[in-house]
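Student: Following this line is entry.txt, made up of compact mmCIF, C-alpha atoms:
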```txt
# COMPACT_ATOMS: atom_id res chain seq x y z
CA PHE A 1 16.23 7.84 -20.69
CA ARG A 2 17.43 4.47 -19.35
CA SER A 3 19.87 6.11 -16.92
CA LEU A 4 17.09 8.45 -15.76
CA LEU A 5 14.97 5.46 -14.75
CA GLN A 6 17.84 3.90 -12.80
CA GLU A 7 18.69 6.88 -10.55
CA ARG A 8 16.08 7.49 -7.85
CA ALA A 9 16.55 11.26 -7.48
CA LYS A 10 16.34 11.82 -11.25
CA LEU A 11 13.42 9.44 -11.49
CA VAL A 12 11.49 11.41 -8.87
CA GLU A 13 12.19 14.67 -10.71
CA PHE A 14 10.96 13.08 -13.94
CA ILE A 15 7.76 11.79 -12.30
CA GLN A 16 7.12 15.22 -10.76
CA ALA A 17 7.45 16.81 -14.19
CA PHE A 18 5.09 14.54 -16.09
CA CYS A 19 2.57 14.48 -13.26
CA ILE A 20 2.10 18.27 -13.55
CA GLY A 21 2.18 18.20 -17.36
CA ASP A 22 5.67 19.67 -17.69
CA GLN A 23 7.10 16.67 -19.55
CA SER A 24 6.21 15.21 -22.94
CA GLN A 25 7.23 11.68 -21.92
CA GLU A 26 5.66 9.49 -19.27
CA LEU A 27 6.79 6.34 -17.48
CA PRO A 28 6.93 3.43 -19.99
CA SER A 29 4.16 1.65 -18.10
CA CYS A 30 2.57 -0.08 -21.09
CA ASN A 31 5.89 -1.76 -21.84
CA LEU A 32 6.10 -3.46 -18.45
CA VAL A 33 6.39 -7.25 -18.64
CA LEU A 34 5.89 -9.12 -15.36
CA ALA A 35 7.12 -12.65 -14.79
CA THR A 36 4.54 -15.21 -13.70
CA ASN A 37 4.25 -15.48 -9.90
CA SER A 38 6.42 -12.40 -9.41
CA GLY A 39 4.16 -11.29 -6.55
CA PHE A 40 3.55 -7.81 -8.02
CA ARG A 41 0.03 -6.67 -8.87
CA TYR A 42 -1.50 -3.56 -10.33
CA PRO A 43 -3.11 -1.45 -7.58
CA ASN A 44 -6.88 -1.25 -7.45
CA MET A 45 -7.52 2.29 -8.67
CA ARG A 46 -9.44 3.89 -11.52
CA SER A 47 -6.58 5.86 -13.09
CA ALA A 48 -2.76 5.75 -13.26
CA GLU A 49 -2.55 2.24 -11.77
CA ASP A 50 0.16 1.36 -14.31
CA HIS A 51 2.25 4.42 -13.41
CA HIS A 52 1.96 3.62 -9.70
CA LEU A 53 3.17 0.07 -10.21
CA VAL A 54 6.08 1.02 -12.47
CA ALA A 55 7.16 3.83 -10.11
CA GLU A 56 7.09 1.42 -7.17
CA LEU A 57 9.13 -1.20 -9.03
CA LEU A 58 11.76 1.29 -10.18
CA MET A 59 12.03 3.01 -6.79
CA LEU A 60 11.91 0.01 -4.46
CA TYR A 61 12.86 -3.12 -6.40
CA PRO A 62 15.34 -2.07 -9.12
CA GLU A 63 17.49 -5.15 -8.52
CA ARG A 64 14.61 -7.48 -9.42
CA GLY A 65 14.15 -6.19 -12.96
CA THR A 66 15.94 -5.19 -16.13
CA ILE A 67 15.38 -2.17 -18.35
CA LEU A 68 15.54 -3.15 -22.03
CA PRO A 69 15.72 -0.53 -24.82
CA ASP A 70 13.93 -2.94 -27.17
CA PRO A 71 11.72 -4.56 -28.26
CA LEU A 72 8.86 -2.09 -27.95
CA TYR A 73 5.76 -3.88 -26.64
CA ALA A 74 3.21 -1.07 -26.83
CA VAL A 75 2.75 2.48 -28.07
CA TYR A 76 1.21 4.59 -25.33
CA THR A 77 -1.73 6.87 -26.05
CA LEU A 78 -3.75 9.31 -23.97
CA GLN A 79 -6.68 9.18 -26.39
CA GLY A 80 -8.37 6.05 -24.99
CA ARG A 81 -11.93 6.15 -23.71
CA ASP A 82 -11.06 5.45 -20.05
CA THR A 83 -8.29 8.08 -20.07
CA GLN A 84 -10.56 10.68 -21.63
CA HIS A 85 -13.29 9.93 -19.09
CA ASN A 86 -10.88 10.15 -16.14
CA GLN A 87 -9.47 13.43 -17.43
CA SER A 88 -12.94 14.92 -17.66
CA ASN A 89 -13.78 14.15 -14.00
CA ASN A 90 -10.34 15.06 -12.59
CA LYS A 91 -9.42 11.49 -11.54
CA TRP A 92 -6.60 11.49 -14.10
CA HIS A 93 -5.04 14.66 -12.65
CA ASN A 94 -5.69 13.80 -9.00
CA GLN A 95 -4.02 10.40 -9.23
CA ARG A 96 -0.93 11.89 -10.88
CA HIS A 97 -0.62 14.59 -8.26
CA ARG A 98 -0.89 11.91 -5.60
CA LEU A 99 1.78 9.81 -7.33
CA ALA A 100 4.12 12.81 -7.35
CA TYR A 101 3.62 13.23 -3.58
CA MET A 102 4.07 9.52 -2.89
CA VAL A 103 7.40 9.13 -4.69
CA ARG A 104 8.75 12.17 -2.82
CA CYS A 105 7.86 10.43 0.46
CA TRP A 106 9.52 7.20 -0.66
CA LEU A 107 12.71 9.03 -1.65
CA GLN A 108 12.81 10.87 1.67
CA VAL A 109 12.49 7.64 3.69
CA LEU A 110 15.00 5.79 1.48
CA GLY A 111 17.54 8.54 2.09
CA SER A 112 17.02 8.83 5.85
CA GLY A 113 18.98 5.74 6.90
CA VAL A 114 15.99 3.83 8.33
CA GLU A 115 14.69 0.42 7.25
CA LEU A 116 11.88 0.81 4.72
CA LEU A 117 9.29 -1.90 5.35
CA GLY A 118 6.72 -1.10 2.70
CA VAL A 119 4.56 1.36 0.84
CA GLY A 120 0.88 1.31 0.00
CA HIS A 121 -2.15 3.38 -0.97
CA GLU A 122 -2.36 4.95 2.49
CA GLY A 123 1.24 5.63 3.39
CA VAL A 124 4.82 4.52 3.85
CA VAL A 125 6.13 2.30 6.67
CA TRP A 126 9.62 2.11 8.14
CA ARG A 127 11.42 0.69 11.16
CA GLU A 128 13.68 2.74 13.39
CA GLY A 129 15.11 0.82 16.33
CA ASP A 130 12.34 -0.80 18.36
CA LEU A 131 9.57 1.23 16.71
CA VAL A 132 7.69 0.87 13.44
CA HIS A 133 6.36 4.12 11.96
CA LYS A 134 3.65 4.67 9.37
CA GLN A 135 3.32 8.05 7.70
CA PHE A 136 -0.06 8.52 6.06
CA TYR A 137 -0.53 10.53 2.89
CA PRO A 138 -2.64 13.69 3.44
CA TRP A 139 -5.69 12.29 1.65
CA ALA A 140 -5.51 8.88 3.39
CA MET A 141 -6.12 9.74 7.05
CA THR A 142 -8.11 12.34 8.98
CA ARG A 143 -8.86 12.93 12.65
CA HIS A 144 -12.29 11.38 12.11
CA HIS A 145 -10.69 8.19 10.75
CA VAL A 146 -8.22 8.06 13.66
CA GLU A 147 -11.06 8.35 16.19
CA GLN A 148 -12.97 5.55 14.45
CA ILE A 149 -9.96 3.23 14.29
CA SER A 150 -9.05 3.93 17.92
CA ALA A 151 -12.58 3.09 19.05
CA ARG A 152 -12.64 -0.15 17.03
CA LEU A 153 -9.23 -1.27 18.31
CA ASP A 154 -9.84 -0.33 21.95
CA PHE A 155 -8.76 -3.73 23.27
CA LYS A 156 -5.64 -5.83 23.75
CA SER A 157 -5.32 -8.50 21.09
CA PRO A 158 -2.75 -11.01 19.85
CA HIS A 159 -4.10 -10.46 16.32
CA PHE A 160 -3.85 -6.64 16.06
CA LEU A 161 -1.18 -4.03 16.64
CA THR A 162 -1.63 -1.29 19.25
CA PRO A 163 -0.98 2.03 17.48
CA GLU A 164 0.05 5.34 19.03
CA TRP A 165 -1.17 8.29 16.94
CA SER A 166 0.29 11.73 16.29
CA CYS A 167 -0.38 14.55 13.84
CA ILE A 168 2.41 16.86 12.65
CA ASP A 169 1.63 19.74 10.26
CA GLY A 170 -1.58 18.04 9.19
CA ILE A 171 0.11 14.69 8.44
CA TRP A 172 -0.95 11.70 10.53
CA TYR A 173 1.51 9.13 11.86
CA CYS A 174 1.08 5.98 13.88
CA ARG A 175 3.78 3.97 15.56
CA THR A 176 3.85 0.48 17.03
CA HIS A 177 6.47 -1.51 18.89
CA TYR A 178 8.54 -3.76 16.68
CA GLU A 179 8.28 -7.50 17.28
CA ARG A 180 9.96 -10.26 15.34
CA ARG A 181 7.31 -12.05 13.31
CA MET A 182 7.38 -14.60 10.51
CA PRO A 183 5.84 -14.30 7.03
CA LEU A 184 3.11 -16.74 6.11
CA GLY A 185 4.15 -19.89 4.35
CA GLN A 186 2.45 -21.30 1.29
CA TYR A 187 -0.22 -22.85 3.50
CA THR A 188 -1.73 -21.83 6.84
CA ASP A 189 -3.37 -24.33 9.17
CA MET A 190 -7.13 -24.16 9.50
CA ALA A 191 -7.03 -23.77 13.29
CA SER A 192 -5.08 -20.48 13.01
CA ILE A 193 -7.51 -19.14 10.41
CA VAL A 194 -10.57 -20.11 12.45
CA SER A 195 -9.07 -18.52 15.57
CA PHE A 196 -8.42 -15.28 13.67
CA LEU A 197 -11.92 -15.18 12.16
CA ARG A 198 -13.56 -16.01 15.48
CA HIS A 199 -11.68 -13.10 17.07
CA LEU A 200 -12.92 -10.72 14.35
CA TYR A 201 -16.48 -11.91 14.87
CA GLN A 202 -16.32 -11.50 18.64
CA LYS A 203 -14.84 -7.98 18.35
CA ARG A 204 -17.40 -7.04 15.65
CA ILE A 205 -14.80 -5.68 13.20
CA VAL A 206 -13.43 -6.71 9.81
CA PRO A 207 -10.20 -5.55 8.13
CA LEU A 208 -11.21 -5.03 4.52
CA ASN A 209 -7.55 -4.88 3.45
CA ILE A 210 -6.90 -8.55 4.16
CA LYS A 211 -4.18 -9.94 1.89
CA ARG A 212 -1.13 -12.11 2.35
CA SER A 213 1.32 -9.20 2.62
CA ASN A 214 -0.68 -7.66 5.49
CA LEU A 215 -0.56 -10.81 7.63
CA MET A 216 2.28 -12.36 9.63
CA ARG A 217 2.63 -15.03 12.30
CA SER A 218 3.70 -14.11 15.82
CA GLN A 219 6.20 -16.04 17.94
CA THR A 220 3.24 -17.69 19.68
CA GLY A 221 1.78 -18.82 16.35
CA ASP A 222 -1.09 -16.33 16.12
CA LEU A 223 -1.98 -14.61 12.84
CA VAL A 224 -1.36 -10.86 13.15
CA LEU A 225 -2.71 -8.06 10.96
CA ILE A 226 0.32 -5.79 10.59
CA ASP A 227 -1.39 -2.97 8.67
CA ILE A 228 -3.29 -0.21 10.46
CA GLY A 229 -5.60 1.93 8.35
CA LYS A 230 -9.12 3.09 7.70
CA ASP A 231 -10.04 -0.24 6.09
CA ILE A 232 -10.77 -1.61 9.57
CA GLU A 233 -14.57 -1.46 9.54
CA GLU A 234 -17.55 -2.59 11.58
CA ILE A 235 -18.72 -6.11 10.87
CA THR A 236 -21.58 -6.98 8.53
CA VAL A 237 -22.61 -10.42 7.31
CA SER A 238 -21.43 -9.77 3.75
CA ARG A 239 -18.10 -8.34 4.92
CA PHE A 240 -17.48 -11.28 7.23
CA LEU A 241 -18.27 -13.77 4.47
CA ASP A 242 -15.88 -11.94 2.14
CA ILE A 243 -13.08 -11.93 4.72
CA SER A 244 -13.66 -15.63 5.43
CA ALA A 245 -13.34 -16.45 1.74
CA ARG A 246 -10.16 -14.42 1.46
CA MET A 247 -8.65 -16.11 4.51
CA TYR A 248 -9.50 -19.53 3.04
CA SER A 249 -7.80 -18.54 -0.22
CA ILE A 250 -4.71 -17.22 1.59
CA GLY A 251 -4.49 -20.28 3.81
```
Could you render the structure as structure tokens?
Tutor:
Amino acid sequence: FRSLLQERAKLVEFIQAFCIGDQSQELPSCNLVLATNSGFRYPNMRSAEDHHLVAELLMLYPERGTILPDPLYAVYTLQGRDTQHNQSNNKWHNQRHRLAYMVRCWLQVLGSGVELLGVGHEGVVWREGDLVHKQFYPWAMTRHHVEQISARLDFKSPHFLTPEWSCIDGIWYCRTHYERRMPLGQYTDMASIVSFLRHLYQKRIVPLNIKRSNLMRSQTGDLVLIDIGKDIEEITVSRFLDISARMYSIG
């Protein structure tokens, strides 16, 4: 079982099997121990959030962890109240089917010789030459969403990327030109944060997916939102206050 978790192709086959109920074992998600300040967090979802995190760690960051055969930290059960509730309303099954699709996408990109930049709830991102591509999962992007995002980002901005959209066999992609940017440091100066927030207020939009990993600093010093998705919404007072608080916390 340990060797199965350490080989990506076998791991994907294993995840496919348990996600469709053709496997008695599941990922040992309840036995995951995370170091303090590791930077990894459980995704915000109602079901299978532990499986998603463990699959991401094993697929993308195997060198940062160790698989130990013992001690056993937890005995997994599918009889808990939350699990039973999620099974009854199909969330349990839907999230596992989505996980099976996601890990197949990750494996395909990892084996294609391009530079994988990241994965998320909406899709997988990679760099190929001077272009950055984002492939959205089927449930994460529709033509309606693309039209909304395009209308909200219909301006030139130092704080946002300019995406080019395409749809191939029902799967949406966006691509942007690659630019060398710097990750945020431990602290961000107040002037940069105020400039970013003022720009959002003037353009009447708020990116609800604001977090440290989705922000970088350009060569000119501006904060740049590097993630394009359907979380870019129209502004409201409560949304703007929430984003301001998050930016203060990040900075």
Student: Write out as a PyMOL selection string each polymer residue whose atoms come within 12 Å of Leu131 (chain A), counting all atoms listed in the file; drop sequence neighbours fewer than 5 positions from it.
Tutor: chain A and resi 114-115+117+125-126+161-164+174-180
Student: Just give me the gap between CA of Leu4 (chain A) and CA of Tyr73 (chain A) in Å, one decimal is fine.
Tutor: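 Atom-to-atom, CA of Leu4 (chain A) and CA of Tyr73 (chain A) are spaced 20.0 Å apart.
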Student: Counting all atoms listed in the file, I want the residues whose atoms come within 12 Å of (-14.0, -4.9, 18.6) in the file frame, returned as number ranges by chain.
Tutor: A: 148-157, 159-160, 198-207, 232-235
Student: Can you list, as a list of chain:residue names, every protein, DNA or RNA residue that comes within 10 Å of Met182 (chain A) when you count all atoms listed in the file, leaving out same-chain residues fewer than 2 positions away?
Tutor: A:Glu179, A:Arg180, A:Leu184, A:Gly185, A:Leu215, A:Met216, A:Arg217, A:Ser218, A:Gln219, A:Gly221, A:Leu223, A:Val224
Student: Compile the contact shell of Gln25 (chain A) as a PyMOL selection string: residues with an atom at most 9 Å away, counting all atoms listed in the file, same-chain residues fewer than 3 positions apart removed.
Tutor: chain A and resi 14+18+28
Student: When you count only C-alpha atoms, which of these residues is closest to Lys230 (chain A): A:Thr66, A:Gln16, A:Ser24, A:Asn209?
Tutor: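 Of A:Thr66, A:Gln16, A:Ser24, A:Asn209, the one nearest Lys230 (chain A) is A:Asn209, counting only C-alpha atoms.
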Student: What separation in Å, quoted to one decimal, exists between CA of Ile228 (chain A) and CA of Lys211 (chain A)?
Tutor: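 According to the coordinates, CA of Ile228 (chain A) and CA of Lys211 (chain A) are separated by 13.0 Å.
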Student: Restricting the calculation to all atoms listed in the file: of A:Tyr173, A:Tyr187, A:Trp165, A:Tyr42, which residue gets closest to Lys134 (chain A)?
Tutor: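 Of all the options, A:Tyr173 lies closest to Lys134 (chain A).
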Student: Please provide the set of residues having any atom within 10 Å of Ile171 (chain A), restricted to only C-alpha atoms, with same-chain residues fewer than 4 positions apart removed, written as a ChimeraX atom specification.
Tutor: /A:135-142,166-167
